[in-house]
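Q: Quick one: the structure is below, and I'll ask about it shortly.
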Amino acid sequence: MLKYSLALFICAATMVAAGSILCAQSRSEKKEARIAESSQPKNVKGGTVFQVGIPYEKTYDAVLNHLKRQGYTIEVSGKETGQVITAMDIKGGYTQTGTRVQVTCIKDNDTQTSIRVAVTEQKRKKLLQVEPWDDPKVNEAESRKTAEEIKAAVAAAT
């Protein structure tokens, strides 16, 4: 029993010591982690929703191919989830704006699919130090424009 208790104490002490070493981060490492996390895609509400009379698989493939043909880099894509998210397109100098397209395909039935298009924008300052991105906001005008392009591309793919 004493050996068991001693072994348990040594294991616990080792885990605590290893945890404190792994959790020790400098201020700059924490800031870099915040900046990296802020640039990851986040789900947003809003955007433009429309329906097409085309099966889910064909719709998803047509959306993915259209975005690739338009020159977008695909960051996240999954036929099971129905999501296609492009990489952030960054413009600007000291004040930067990052734009990304998020498309979600929803299977309504065997012959009908709903498509949700959201063009999001995030802003940040890049002065002496790079600041984290702010929360994404949906650009409704760009979402409608992109949705019309995708609707035409899906209709042409049939």
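Note on naming: chains are A, B, ... as they come in the structure tokens, residues start from 1 per chain, ligands start from 1 in the order shown.
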Would you give me, as an MDAnalysis selection string, the residues in chain A that DSSP reads as strand (DSSP E or B)?

A: chainID A and resid 48:52 74:78 83:86 89:91 95:107 113:126 130 137:138

Q: Quick one: residues within 12 Å of A:Ala156, only C-alpha atoms counted, chain neighbours fewer than 4 positions away excluded, as a list in words?

A: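 These residues fall inside the cut-off: Val52, Ile54, Lys58, Thr59, Ala62, Val63, Asn65, His66, Glu149, Ile150, Lys151 and Ala152 of chain A.
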
Q: Write to file, as a PDB file, in the first residue's frame, the residues of the selection just made, with N, CA, C and O atoms.

A:
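After the write, out_7.pdb holds the following:
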```pdb
ATOM      1  N   VAL A  52     -32.522  25.724 -54.965  1.00  0.00           N
ATOM      2  CA  VAL A  52     -32.407  25.247 -56.341  1.00  0.00           C
ATOM      3  C   VAL A  52     -33.027  23.854 -56.416  1.00  0.00           C
ATOM      4  O   VAL A  52     -33.009  23.106 -55.446  1.00  0.00           O
ATOM      5  N   ILE A  54     -32.090  21.084 -57.652  1.00  0.00           N
ATOM      6  CA  ILE A  54     -31.009  20.186 -58.071  1.00  0.00           C
ATOM      7  C   ILE A  54     -30.612  19.335 -56.863  1.00  0.00           C
ATOM      8  O   ILE A  54     -30.588  19.849 -55.744  1.00  0.00           O
ATOM      9  N   LYS A  58     -24.851  17.256 -56.635  1.00  0.00           N
ATOM     10  CA  LYS A  58     -24.549  18.074 -57.812  1.00  0.00           C
ATOM     11  C   LYS A  58     -24.413  19.551 -57.438  1.00  0.00           C
ATOM     12  O   LYS A  58     -23.556  20.257 -57.956  1.00  0.00           O
ATOM     13  N   THR A  59     -25.269  19.999 -56.538  1.00  0.00           N
ATOM     14  CA  THR A  59     -25.215  21.399 -56.097  1.00  0.00           C
ATOM     15  C   THR A  59     -23.902  21.689 -55.397  1.00  0.00           C
ATOM     16  O   THR A  59     -23.241  22.693 -55.682  1.00  0.00           O
ATOM     17  N   ALA A  62     -21.053  21.805 -57.851  1.00  0.00           N
ATOM     18  CA  ALA A  62     -21.118  23.003 -58.688  1.00  0.00           C
ATOM     19  C   ALA A  62     -20.649  24.243 -57.913  1.00  0.00           C
ATOM     20  O   ALA A  62     -19.930  25.085 -58.461  1.00  0.00           O
ATOM     21  N   VAL A  63     -21.037  24.348 -56.649  1.00  0.00           N
ATOM     22  CA  VAL A  63     -20.608  25.483 -55.818  1.00  0.00           C
ATOM     23  C   VAL A  63     -19.095  25.455 -55.635  1.00  0.00           C
ATOM     24  O   VAL A  63     -18.410  26.470 -55.811  1.00  0.00           O
ATOM     25  N   ASN A  65     -16.769  23.975 -57.472  1.00  0.00           N
ATOM     26  CA  ASN A  65     -16.089  24.247 -58.742  1.00  0.00           C
ATOM     27  C   ASN A  65     -16.181  25.723 -59.130  1.00  0.00           C
ATOM     28  O   ASN A  65     -15.215  26.291 -59.645  1.00  0.00           O
ATOM     29  N   HIS A  66     -17.330  26.341 -58.884  1.00  0.00           N
ATOM     30  CA  HIS A  66     -17.476  27.765 -59.208  1.00  0.00           C
ATOM     31  C   HIS A  66     -16.489  28.611 -58.402  1.00  0.00           C
ATOM     32  O   HIS A  66     -15.830  29.498 -58.959  1.00  0.00           O
ATOM     33  N   GLU A 149     -24.179  34.974 -58.499  1.00  0.00           N
ATOM     34  CA  GLU A 149     -23.169  34.295 -59.322  1.00  0.00           C
ATOM     35  C   GLU A 149     -23.220  32.787 -59.111  1.00  0.00           C
ATOM     36  O   GLU A 149     -23.145  32.008 -60.072  1.00  0.00           O
ATOM     37  N   ILE A 150     -23.351  32.370 -57.856  1.00  0.00           N
ATOM     38  CA  ILE A 150     -23.400  30.930 -57.549  1.00  0.00           C
ATOM     39  C   ILE A 150     -24.685  30.317 -58.103  1.00  0.00           C
ATOM     40  O   ILE A 150     -24.672  29.213 -58.659  1.00  0.00           O
ATOM     41  N   LYS A 151     -25.789  31.043 -57.995  1.00  0.00           N
ATOM     42  CA  LYS A 151     -27.073  30.534 -58.528  1.00  0.00           C
ATOM     43  C   LYS A 151     -26.954  30.304 -60.032  1.00  0.00           C
ATOM     44  O   LYS A 151     -27.389  29.264 -60.546  1.00  0.00           O
ATOM     45  N   ALA A 152     -26.339  31.240 -60.762  1.00  0.00           N
ATOM     46  CA  ALA A 152     -26.155  31.089 -62.200  1.00  0.00           C
ATOM     47  C   ALA A 152     -25.225  29.918 -62.519  1.00  0.00           C
ATOM     48  O   ALA A 152     -25.470  29.143 -63.447  1.00  0.00           O
TER      49      ALA A 152
END
```

Q: Would you list the contacts of stretch 85-97 of chain A as a list in words, taking every protein, DNA or RNA residue within 7 Å and counting only C-alpha atoms, but skipping same-chain residues closer than 2 positions in sequence?

A: Tyr72, Thr73, Ile74, Glu75, Val76, Ser77, Gln83, Thr99, Arg100, Val101, Gln102, Val103, Glu121, Gln122, Lys123, Arg124, Lys125, Lys126 and Leu127 of chain A

Q: Point out the residue among A:Asn43, A:Thr48, A:Thr113, A:Thr158 with the least atom-to-atom distance to A:Asn139, counting only C-alpha atoms.

A: A:Thr48

Q: Here is a test: counting only C-alpha atoms, which residue of A:Glu37, A:Glu140, A:Glu57, A:Glu131 is nearest to A:Lys107?

A: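 Ranked by minimum distance to A:Lys107, first place goes to A:Glu57.
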
Q: Atom CA of A:Lys137 to atom CA of A:Val44: how many Å, to one decimal?

A: 7.5 Å

Q: I want to know what sits within 12 Å of A:Glu80, based on only C-alpha atoms, with residues of the same chain fewer than 5 positions away left out; could you give that as a PDB file with N, CA and C atoms, in the first residue's frame?

A:
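What follows is the written file part34.pdb:
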```pdb
ATOM      1  N   TYR A  56     -28.527  17.458 -53.943  1.00  0.00           N
ATOM      2  CA  TYR A  56     -27.495  17.997 -53.047  1.00  0.00           C
ATOM      3  C   TYR A  56     -26.072  17.796 -53.583  1.00  0.00           C
ATOM      4  N   GLU A  57     -25.733  16.588 -54.021  1.00  0.00           N
ATOM      5  CA  GLU A  57     -24.366  16.289 -54.451  1.00  0.00           C
ATOM      6  C   GLU A  57     -23.950  17.146 -55.647  1.00  0.00           C
ATOM      7  N   TYR A  60     -23.519  20.815 -54.480  1.00  0.00           N
ATOM      8  CA  TYR A  60     -22.275  21.022 -53.718  1.00  0.00           C
ATOM      9  C   TYR A  60     -21.076  21.066 -54.668  1.00  0.00           C
ATOM     10  N   THR A 104     -23.002  27.376 -47.472  1.00  0.00           N
ATOM     11  CA  THR A 104     -23.537  26.183 -46.823  1.00  0.00           C
ATOM     12  C   THR A 104     -24.650  25.618 -47.692  1.00  0.00           C
ATOM     13  N   CYS A 105     -24.531  24.350 -48.043  1.00  0.00           N
ATOM     14  CA  CYS A 105     -25.563  23.652 -48.818  1.00  0.00           C
ATOM     15  C   CYS A 105     -26.371  22.787 -47.854  1.00  0.00           C
ATOM     16  N   ILE A 106     -27.697  22.897 -47.944  1.00  0.00           N
ATOM     17  CA  ILE A 106     -28.591  22.159 -47.053  1.00  0.00           C
ATOM     18  C   ILE A 106     -29.530  21.318 -47.905  1.00  0.00           C
ATOM     19  N   LYS A 107     -29.527  20.025 -47.668  1.00  0.00           N
ATOM     20  CA  LYS A 107     -30.381  19.109 -48.438  1.00  0.00           C
ATOM     21  C   LYS A 107     -31.807  19.206 -47.902  1.00  0.00           C
TER      22      LYS A 107
END
```

Q: Please determine, counting only C-alpha atoms, which residue among A:Val49, A:Val84, A:Leu64, A:Ala118 has the shortest atom-to-atom distance to A:Ser143.

A: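 Comparing A:Val49, A:Val84, A:Leu64, A:Ala118 against A:Ser143, the winner is A:Ala118.
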
Q: Using only C-alpha atoms, pick whichever of A:Leu128, A:Lys79, A:Val117, A:Pro55 has the shortest atom-to-atom distance to A:Ala141.

A: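 The shortest atom-to-atom distance to A:Ala141 comes from A:Val117.
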
Q: Write out as a ChimeraX atom specification the set of residues from stretch 25-70 of chain A that DSSP, computed on the backbone, places in helix (DSSP H, G or I).

A: /A:27-38,56-69
